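Dumped input-v9.tsv below, it's TSV, C-alpha atoms and all ligand atoms:
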```tsv
chain	number	residue	atom	x	y	z
A	1	MET	CA	0.00	0.00	0.00
A	2	ASN	CA	2.82	2.36	0.94
A	3	GLU	CA	4.67	1.46	-2.19
A	4	GLU	CA	1.59	2.24	-4.22
A	5	LYS	CA	1.27	5.62	-2.55
A	6	ASP	CA	4.90	6.35	-3.28
A	7	LEU	CA	4.37	5.63	-6.95
A	8	LYS	CA	1.68	8.28	-7.01
A	9	LYS	CA	3.99	10.76	-5.29
A	10	GLN	CA	6.45	10.43	-8.15
A	11	ILE	CA	6.12	12.87	-10.96
A	12	VAL	CA	7.71	13.62	-14.30
A	13	ILE	CA	8.07	17.24	-15.35
A	14	ALA	CA	8.99	18.18	-18.88
A	15	GLU	CA	9.86	21.79	-19.66
A	16	ASP	CA	12.38	23.12	-22.18
A	17	ASP	CA	12.91	26.48	-20.50
A	18	PRO	CA	15.64	25.98	-17.84
A	19	VAL	CA	14.35	28.65	-15.45
A	20	SER	CA	10.74	27.42	-15.53
A	21	ARG	CA	11.98	23.85	-15.24
A	22	ARG	CA	13.97	24.63	-12.11
A	23	LEU	CA	11.02	26.53	-10.61
A	24	LEU	CA	8.71	23.58	-11.20
A	25	GLU	CA	11.21	21.15	-9.76
A	26	VAL	CA	11.67	23.18	-6.57
A	27	LEU	CA	7.95	23.78	-6.18
A	28	LEU	CA	6.99	20.12	-6.54
A	29	THR	CA	9.87	18.81	-4.46
A	30	ARG	CA	8.70	21.12	-1.65
A	31	ALA	CA	5.19	19.75	-2.12
A	32	GLY	CA	6.59	16.30	-1.32
A	33	TYR	CA	6.96	14.87	-4.82
A	34	GLN	CA	9.85	12.81	-6.09
A	35	VAL	CA	10.56	14.70	-9.26
A	36	SER	CA	12.08	13.29	-12.46
A	37	VAL	CA	13.12	16.06	-14.79
A	38	ALA	CA	12.99	16.07	-18.60
A	39	ALA	CA	14.15	18.93	-20.83
A	40	ASN	CA	12.05	17.85	-23.80
A	41	GLY	CA	9.24	15.55	-24.86
A	42	THR	CA	11.47	12.68	-25.93
A	43	GLU	CA	13.12	12.53	-22.51
A	44	ALA	CA	9.71	12.73	-20.85
A	45	LEU	CA	8.43	9.80	-22.87
A	46	GLU	CA	11.50	7.75	-21.97
A	47	LEU	CA	10.93	8.43	-18.28
A	48	LEU	CA	7.23	7.56	-18.54
A	49	ASP	CA	7.92	4.39	-20.51
A	50	GLN	CA	10.08	2.79	-17.84
A	51	VAL	CA	8.83	-0.07	-15.70
A	52	ASP	CA	7.17	1.35	-12.57
A	53	ALA	CA	7.37	4.81	-14.11
A	54	PRO	CA	5.77	7.76	-12.30
A	55	ARG	CA	2.10	8.00	-13.09
A	56	LEU	CA	1.80	11.77	-12.79
A	57	ALA	CA	3.23	14.10	-15.42
A	58	VAL	CA	3.37	17.85	-15.94
A	59	LEU	CA	4.20	18.51	-19.58
A	60	ASP	CA	4.96	21.78	-21.25
A	61	TRP	CA	3.04	22.08	-24.50
A	62	MET	CA	5.73	23.81	-26.57
A	63	MET	CA	9.01	21.92	-26.55
A	64	PRO	CA	11.58	21.13	-29.23
A	65	GLY	CA	11.36	17.61	-30.64
A	66	LEU	CA	8.26	15.93	-29.23
A	67	GLU	CA	5.72	18.45	-28.00
A	68	GLY	CA	3.61	17.92	-24.89
A	69	LEU	CA	0.60	17.04	-27.03
A	70	GLN	CA	2.51	14.35	-28.91
A	71	VAL	CA	3.76	12.85	-25.65
A	72	CYS	CA	0.12	12.74	-24.50
A	73	ARG	CA	-0.96	10.89	-27.62
A	74	LYS	CA	1.88	8.39	-27.35
A	75	ILE	CA	1.12	7.71	-23.69
A	76	ARG	CA	-2.55	7.09	-24.50
A	77	GLU	CA	-1.63	4.68	-27.32
A	78	ARG	CA	-0.02	2.33	-24.80
A	79	LYS	CA	-2.21	-0.56	-23.77
A	80	ASP	CA	-2.04	-2.75	-20.67
A	81	ARG	CA	-0.24	-0.10	-18.67
A	82	PRO	CA	-1.34	1.64	-15.49
A	83	TYR	CA	-2.98	4.97	-16.19
A	84	THR	CA	-0.79	8.09	-16.34
A	85	TYR	CA	-2.36	11.36	-15.24
A	86	ILE	CA	-1.15	14.21	-17.45
A	87	LEU	CA	-1.37	17.94	-16.84
A	88	LEU	CA	-0.44	20.17	-19.76
A	89	LEU	CA	1.18	23.55	-19.23
A	90	SER	CA	0.97	26.20	-21.87
A	91	ALA	CA	1.00	29.91	-22.53
A	92	ARG	CA	-1.84	29.30	-25.01
A	93	VAL	CA	-5.12	30.50	-23.65
A	94	GLN	CA	-7.60	29.97	-26.49
A	95	LYS	CA	-10.53	27.65	-25.87
A	96	GLU	CA	-9.59	25.69	-29.02
A	97	ASP	CA	-6.17	25.02	-27.52
A	98	LEU	CA	-7.73	23.68	-24.36
A	99	LEU	CA	-9.96	21.36	-26.39
A	100	LEU	CA	-7.06	20.18	-28.54
A	101	GLY	CA	-5.05	19.44	-25.39
A	102	LEU	CA	-7.84	17.41	-23.80
A	103	GLU	CA	-8.57	15.59	-27.04
A	104	SER	CA	-4.93	14.53	-27.22
A	105	GLY	CA	-5.33	12.74	-23.94
A	106	ALA	CA	-4.35	15.33	-21.34
A	107	ASP	CA	-6.37	15.11	-18.13
A	108	ASP	CA	-5.97	18.72	-17.15
A	109	TYR	CA	-4.62	21.98	-18.46
A	110	LEU	CA	-3.02	24.98	-16.83
A	111	THR	CA	-1.99	28.23	-18.51
A	112	LYS	CA	1.31	29.90	-17.82
A	113	PRO	CA	2.12	31.74	-15.70
A	114	PHE	CA	0.41	29.42	-13.26
A	115	ASP	CA	-0.37	29.80	-9.61
A	116	ALA	CA	1.72	27.43	-7.46
A	117	GLN	CA	-1.17	26.60	-5.14
A	118	GLU	CA	-3.46	25.85	-8.05
A	119	LEU	CA	-0.92	23.49	-9.60
A	120	ARG	CA	-0.57	21.61	-6.30
A	121	ALA	CA	-4.33	21.38	-5.91
A	122	ARG	CA	-4.79	20.09	-9.43
A	123	LEU	CA	-2.06	17.47	-9.01
A	124	HIS	CA	-3.79	16.39	-5.84
A	125	VAL	CA	-6.90	15.75	-7.91
A	126	GLY	CA	-4.71	13.71	-10.25
A	127	GLN	CA	-3.49	11.54	-7.39
A	128	ARG	CA	-7.06	10.97	-6.27
A	129	ILE	CA	-8.09	9.93	-9.77
A	130	LEU	CA	-5.18	7.48	-9.96
A	131	GLN	CA	-6.26	5.99	-6.66
A	132	LEU	CA	-9.85	5.62	-7.87
A	133	GLN	CA	-8.59	4.11	-11.10
A	134	ASP	CA	-6.54	1.53	-9.20
A	135	ARG	CA	-9.46	0.62	-6.98
A	136	LEU	CA	-11.65	0.22	-10.04
A	137	MET	CA	-9.09	-2.10	-11.64
A	138	GLU	CA	-8.86	-4.16	-8.45
A	139	LYS	CA	-12.62	-4.38	-8.27
A	140	GLY	CA	-12.79	-5.36	-11.93
A	141	ALA	CA	-10.22	-8.10	-11.40
A	142	GLU	CA	-12.12	-9.32	-8.35
A	143	LEU	CA	-15.42	-9.41	-10.25
A	144	LEU	CA	-13.78	-11.23	-13.14
A	145	PHE	CA	-12.35	-13.80	-10.72
A	146	ARG	CA	-15.75	-14.32	-9.11
A	147	ALA	CA	-17.43	-14.70	-12.48
A	148	THR	CA	-14.97	-17.33	-13.65
A	149	HIS	CA	-14.25	-19.33	-10.49
A	150	ASP	CA	-16.12	-21.71	-8.25
A	151	SER	CA	-16.75	-20.01	-4.91
A	152	LEU	CA	-16.46	-23.21	-2.84
A	153	THR	CA	-13.23	-24.62	-4.23
A	154	GLY	CA	-11.57	-21.56	-5.80
A	155	ILE	CA	-10.86	-23.44	-9.04
A	156	SER	CA	-12.27	-22.48	-12.47
A	157	ASN	CA	-16.03	-22.78	-12.79
A	158	ARG	CA	-17.80	-24.72	-15.52
A	159	GLY	CA	-17.96	-21.78	-17.95
A	160	MET	CA	-14.28	-21.01	-17.52
A	161	VAL	CA	-12.98	-24.57	-17.89
A	162	LEU	CA	-15.18	-25.09	-20.98
A	163	ASP	CA	-13.77	-21.86	-22.42
A	164	THR	CA	-10.30	-23.25	-21.81
A	165	LEU	CA	-11.24	-26.47	-23.59
A	166	ARG	CA	-12.55	-24.53	-26.59
A	167	ARG	CA	-9.43	-22.37	-26.64
A	168	GLU	CA	-7.19	-25.42	-26.52
A	169	HIS	CA	-9.17	-26.92	-29.40
A	170	SER	CA	-8.74	-23.82	-31.60
A	171	ARG	CA	-5.05	-23.75	-30.72
A	172	GLN	CA	-4.80	-27.31	-31.95
A	173	VAL	CA	-6.65	-26.43	-35.14
A	174	ARG	CA	-4.00	-23.74	-35.72
A	175	GLY	CA	-1.33	-26.42	-35.63
A	176	ALA	CA	-0.42	-27.34	-32.06
A	177	GLY	CA	0.09	-30.98	-31.00
A	178	SER	CA	-2.20	-33.14	-28.92
A	179	PHE	CA	-3.95	-32.38	-25.65
A	180	GLY	CA	-6.17	-34.21	-23.23
A	181	ILE	CA	-8.96	-33.89	-20.73
A	182	ILE	CA	-9.82	-35.74	-17.55
A	183	LEU	CA	-13.35	-35.99	-16.23
A	184	LEU	CA	-13.26	-36.89	-12.54
A	185	ASP	CA	-16.21	-37.96	-10.45
A	186	ILE	CA	-16.17	-38.65	-6.71
A	187	ASP	CA	-17.41	-42.19	-6.03
A	188	HIS	CA	-20.58	-42.50	-3.93
A	189	PHE	CA	-20.53	-38.80	-3.10
A	190	LYS	CA	-24.22	-38.82	-2.27
A	191	ASN	CA	-23.40	-41.16	0.63
A	192	VAL	CA	-20.92	-38.63	2.02
A	193	ASN	CA	-23.57	-35.90	2.04
A	194	ASP	CA	-26.26	-38.24	3.41
A	195	THR	CA	-24.07	-39.75	6.12
A	196	TYR	CA	-21.94	-36.81	7.24
A	197	GLY	CA	-23.88	-33.76	6.06
A	198	HIS	CA	-23.26	-31.13	3.41
A	199	GLN	CA	-20.51	-29.33	5.30
A	200	CYS	CA	-18.39	-32.48	5.19
A	201	GLY	CA	-19.36	-32.92	1.56
A	202	ASP	CA	-18.03	-29.42	0.92
A	203	ALA	CA	-14.78	-30.22	2.74
A	204	VAL	CA	-14.35	-33.29	0.54
A	205	LEU	CA	-14.95	-31.25	-2.62
A	206	GLN	CA	-12.40	-28.67	-1.46
A	207	GLU	CA	-9.77	-31.30	-0.69
A	208	VAL	CA	-10.27	-33.08	-4.01
A	209	ALA	CA	-9.92	-29.72	-5.80
A	210	ARG	CA	-6.75	-29.01	-3.80
A	211	ILE	CA	-5.19	-32.38	-4.67
A	212	MET	CA	-5.99	-31.95	-8.37
A	213	THR	CA	-4.54	-28.42	-8.39
A	214	ALA	CA	-1.39	-29.63	-6.64
A	215	SER	CA	-0.99	-32.52	-9.11
A	216	VAL	CA	-1.21	-30.61	-12.38
A	217	ARG	CA	1.30	-28.37	-14.15
A	218	ALA	CA	0.96	-24.59	-14.03
A	219	TYR	CA	-0.61	-24.42	-17.48
A	220	ASP	CA	-3.22	-27.13	-16.91
A	221	THR	CA	-6.71	-25.96	-15.93
A	222	VAL	CA	-8.74	-27.61	-13.18
A	223	GLY	CA	-12.44	-26.75	-13.13
A	224	ARG	CA	-15.60	-27.74	-11.31
A	225	TYR	CA	-17.76	-29.27	-14.01
A	226	GLY	CA	-20.82	-30.12	-11.97
A	227	GLY	CA	-21.73	-31.00	-8.37
A	228	GLU	CA	-19.04	-33.60	-7.63
A	229	GLU	CA	-17.65	-33.73	-11.15
A	230	PHE	CA	-14.44	-32.02	-12.18
A	231	LEU	CA	-12.82	-31.36	-15.55
A	232	ILE	CA	-9.09	-30.97	-16.13
A	233	VAL	CA	-7.78	-29.59	-19.43
A	234	VAL	CA	-4.22	-30.75	-20.09
A	235	PRO	CA	-2.51	-28.93	-22.99
A	236	SER	CA	0.50	-30.24	-24.95
A	237	THR	CA	0.35	-33.84	-23.84
A	238	ASP	CA	-0.20	-37.37	-25.12
A	239	ALA	CA	-2.41	-40.25	-24.00
A	240	ALA	CA	0.26	-41.85	-21.82
A	241	SER	CA	0.95	-38.63	-19.91
A	242	VAL	CA	-2.73	-37.84	-19.37
A	243	PHE	CA	-3.21	-41.36	-18.09
A	244	GLY	CA	-0.22	-40.97	-15.77
A	245	LEU	CA	-1.62	-37.73	-14.36
A	246	SER	CA	-5.03	-39.31	-13.90
A	247	GLU	CA	-3.53	-42.22	-11.97
A	248	ARG	CA	-1.44	-39.93	-9.77
A	249	ILE	CA	-4.55	-37.97	-8.80
A	250	ARG	CA	-6.54	-41.16	-8.19
A	251	HIS	CA	-3.80	-42.66	-5.98
A	252	THR	CA	-3.30	-39.47	-3.97
A	253	ILE	CA	-7.01	-39.18	-3.22
A	254	ALA	CA	-7.39	-42.86	-2.31
A	255	ALA	CA	-4.20	-42.93	-0.23
A	256	LYS	CA	-5.27	-40.67	2.62
A	257	PRO	CA	-8.63	-40.10	4.32
A	258	ILE	CA	-9.87	-36.51	4.19
A	259	ALA	CA	-10.11	-34.68	7.50
A	260	THR	CA	-13.52	-33.08	7.99
A	261	GLY	CA	-15.51	-31.66	10.88
A	262	SER	CA	-17.14	-35.10	11.36
A	263	GLY	CA	-13.90	-37.03	11.30
A	264	GLU	CA	-11.87	-38.62	8.55
A	265	ILE	CA	-13.62	-39.72	5.38
A	266	SER	CA	-12.05	-42.12	2.91
A	267	ILE	CA	-13.10	-41.54	-0.66
A	268	THR	CA	-12.16	-42.71	-4.12
A	269	VAL	CA	-12.66	-41.19	-7.54
A	270	SER	CA	-13.32	-42.49	-11.04
A	271	LEU	CA	-11.81	-40.81	-14.04
A	272	GLY	CA	-12.65	-40.78	-17.74
A	273	LEU	CA	-10.03	-39.51	-20.19
A	274	ALA	CA	-10.00	-38.26	-23.76
A	275	VAL	CA	-7.11	-37.20	-25.94
A	276	SER	CA	-7.28	-35.14	-29.10
A	277	SER	CA	-4.20	-35.74	-31.21
A	278	GLY	CA	-2.77	-33.32	-33.73
A	279	THR	CA	-3.40	-35.64	-36.64
A	280	ALA	CA	-6.99	-36.50	-35.65
A	281	PRO	CA	-8.32	-33.67	-33.54
A	282	LEU	CA	-11.62	-34.04	-31.70
A	283	ASP	CA	-13.89	-31.07	-31.18
A	284	PRO	CA	-14.78	-30.16	-27.57
A	285	GLU	CA	-18.16	-31.90	-27.78
A	286	ALA	CA	-16.61	-35.14	-29.00
A	287	MET	CA	-13.93	-34.97	-26.31
A	288	LEU	CA	-16.46	-34.46	-23.53
A	289	GLY	CA	-18.59	-37.28	-24.94
A	290	THR	CA	-15.59	-39.60	-25.14
A	291	ALA	CA	-14.42	-38.77	-21.61
A	292	ASP	CA	-17.95	-39.18	-20.30
A	293	GLU	CA	-18.26	-42.60	-21.90
A	294	ALA	CA	-14.90	-43.61	-20.40
A	295	LEU	CA	-16.00	-42.35	-16.98
A	296	TYR	CA	-19.12	-44.48	-17.29
A	297	ARG	CA	-16.93	-47.53	-18.00
A	298	ALA	CA	-14.77	-46.69	-14.98
A	299	LYS	CA	-17.88	-46.66	-12.80
A	300	GLU	CA	-19.19	-49.88	-14.34
A	301	GLY	CA	-15.81	-51.51	-13.90
A	302	GLY	CA	-15.94	-51.07	-10.14
A	303	ARG	CA	-14.95	-47.40	-9.59
A	304	ASN	CA	-11.62	-46.07	-8.25
A	305	ARG	CA	-10.03	-46.36	-11.67
A	306	SER	CA	-8.98	-44.40	-14.76
A	307	GLU	CA	-10.32	-45.30	-18.19
A	308	MET	CA	-8.99	-43.96	-21.46
A	309	GLY	CA	-11.77	-42.98	-23.82
A	310	VAL	CA	-11.97	-44.38	-27.31
A	311	CYS	CA	-13.65	-42.09	-29.76
A	312	GLU	CA	-15.76	-43.91	-32.32
A	313	VAL	CA	-16.19	-40.85	-34.50
A	314	ALA	CA	-12.56	-40.23	-35.38
A	315	PRO	CA	-10.06	-42.48	-33.59
A	316	SER	CA	-6.69	-40.79	-33.62
A	317	PRO	CA	-3.34	-42.59	-33.84
A	318	ALA	CA	-2.39	-41.25	-30.43
A	319	ILE	CA	-5.44	-42.87	-28.88
A	320	ALA	CA	-5.18	-46.10	-30.88
A	321	GLU	CA	-1.60	-46.59	-29.72
A	322	VAL	CA	-2.38	-46.60	-26.05
A	323	ALA	CA	-6.09	-47.30	-25.65
A	324	PRO	CA	-7.72	-49.07	-24.14
A	325	VAL	CA	-5.66	-48.69	-20.99
A	326	LYS	CA	-7.05	-50.00	-17.78
A	327	ALA	CA	-5.86	-49.52	-14.27
A	328	GLY	CA	-6.68	-52.09	-11.68
A	329	SER	CA	-8.70	-50.97	-8.72
A	330	GLU	CA	-7.11	-50.95	-5.34
B	1	MG	MG	8.23	25.47	-23.78
```
Could the structure of this file be written out as C-alpha cells, please?
Ligand SMILES: [Mg+2]
Amino acid sequence: MNEEKDLKKQIVIAEDDPVSRRLLEVLLTRAGYQVSVAANGTEALELLDQVDAPRLAVLDWMMPGLEGLQVCRKIRERKDRPYTYILLLSARVQKEDLLLGLESGADDYLTKPFDAQELRARLHVGQRILQLQDRLMEKGAELLFRATHDSLTGISNRGMVLDTLRREHSRQVRGAGSFGIILLDIDHFKNVNDTYGHQCGDAVLQEVARIMTASVRAYDTVGRYGGEEFLIVVPSTDAASVFGLSERIRHTIAAKPIATGSGEISITVSLGLAVSSGTAPLDPEAMLGTADEALYRAKEGGRNRSEMGVCEVAPSPAIAEVAPVKAGSE
C-alpha cells in the first residue's frame, strides 16, 4: 500500500525552459513529490515508458522535438499499462487550444504563468483519480475472478474450464500438438452428504480440488464441471501422460482419508479420459462425450479407476496406440 502511494507521489516534469523547469522542480519537491526532470518531450516519454514509471506528469506544451501534445498521444496509445495522469502547461489560452489538449489525452490543463497553489491542488486531484482508477481495476479483477471461479473450491467454474477447452481446441486447429482432458467424479458422493452432512461434503470437494490443483502443471486448468464432477484440461500432452496424471490424482485421493468436521472420510474417484491428437483432432463436444463414456466404464468396472476414452467418431493414432488402458482398482 505504501509502495503504491509512493508511486503516485512520483512525478515527471517536462519543460524546455531551464528557469521554468527549475522553478517547477523546486515547487513540486517542496510539495513532497519525487521529481524526475525532462528537458524535452522525448526525454519525458523515456521516463514515462520505464517499468514502474511515475504515473503523474506535468508537460509543457511547446518543446523542441516531441511536444507535450505528442507525448500525451503516445502515452494514450499504450495498452495494458497503469494509467498516467497528465497535466499540460501552456501559454496558449484559447478555448480551441484547451480542447485540442484534452482531445490529445491530457487530463488537465493549466496556462502559464500558473499559480503554485493551483498546480498543487490540481495534481492532488490527479493523485485521487489514480487511486480511484486503481481501486476500479482491483474491483474489476475481483469481479472477473468471481465470475470465472467456483466459490467453494476456488478453481475455475464450468464456464471457464469449458472456455479453456474450446481455446485449446482452436489452438490445436491452428497447428499445435495433442492435448487431453480428464473428467473426474467422486465415487458414492451422495453417501458422504447423506451420512456426514453437506458441510463435510463441501470439505471433501475442497480437498479433491486441492489435490488436483497440486498434481497438475501450471498451465493445466482444473475446473468444477458439476456438483461432484471435475474437468481438467491438459494442454500439450499425449495419452500416456494424461493417463499418468489421472492415476497420480486417483492414488493421492485414495491414499489418505480426508479430515472433515465429522472425522476422517475415505473416498475414491473415477476418471474418464479423452485425448485429441494433432493428426486427428476431436472437437470439444466429441472430447467431452468420449471422456464421459470412459467415466461411465470406470464406474461400471468397479470405480476407483482411470479409463482412457476411445472415440468412435474419429479415432486418432495417439489414442489407438495406447487405448484401451485400464488400471486395476485398489
Ligand atoms: Mg516550452
Q: Would you list the residues that come within 8 Å of ligand MG 1 (chain B)? Count only C-alpha atoms and all ligand atoms and give the answer as a list of chain:residue names.
A: A:Glu15, A:Asp16, A:Asp17, A:Asp60, A:Trp61, A:Met62, A:Met63, A:Pro64, A:Ser90
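Among the candidate residues A:Pro18, A:Gly32, A:Gly289, A:Pro235, the one lying nearest to Arg120 (chain A) is A:Gly32, with distances computed using all atoms listed in the file.
Residues of protein, DNA or RNA having at least one counted atom within 12 Å of (-22.0, -39.6, -4.2), given only C-alpha atoms, are Asp185, Ile186, Asp187, His188, Phe189, Lys190, Asn191, Val192, Asn193, Asp194, Thr195, Tyr196, Gly197, His198, Gly201, Val204, Leu205, Gly227, Glu228, Glu229, Ile267, Thr268, Val269, Ser270, Lys299 and Arg303 of chain A.
Between CA of Met308 (chain A) and CA of Ile265 (chain A) lies a distance of 27.6 Å.
Each of A:Gln70, A:Gly41, A:Ala121, A:Gln133 was checked against Arg55 (chain A) using only C-alpha atoms; the smallest atom-to-atom distance is that of A:Gln133.
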Q: Place a sphere of radius 12 Å on (-9.2, -34.6, -22.3) in the file coordinates and name every protein, DNA or RNA residue with an atom inside or on its surface, counting all atoms listed in the file; give the answer as a PyMOL selection string.
A: chain A and resi 161-162+164-166+168-169+178-184+220-222+230-243+245-246+271-277+281-292+294-295+307-311+319
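Here CA of Ala218 (chain A) stands at a distance of 27.1 Å from CA of Ala298 (chain A).
CA of Ser306 (chain A) to CA of Arg171 (chain A) spans 26.4 Å [interatomic distance, one decimal].
Residues with any atom within 9 Å of region 44-49 of chain A, counting only C-alpha atoms and excluding same-chain neighbours fewer than 3 positions away, are Val12, Ile13, Ala14, Ser36, Val37, Ala38, Ala39, Asn40, Gly41, Asp52, Ala53, Pro54, Arg55, Leu56, Ala57, Leu59, Leu66, Gly68, Val71, Cys72, Lys74, Ile75 and Thr84 of chain A.
Remark: for Gly154 (chain A), the closest of the candidate residues A:Arg224, A:Arg174, A:Lys79, A:Arg122 is A:Arg224 (distances computed over all atoms listed in the file).
Minimum atom-to-atom distances from A:Gln94, A:His124, A:Ile86, A:Lys139 to Asp108 (chain A) were compared using all atoms listed in the file, and the lowest value belongs to A:Ile86.
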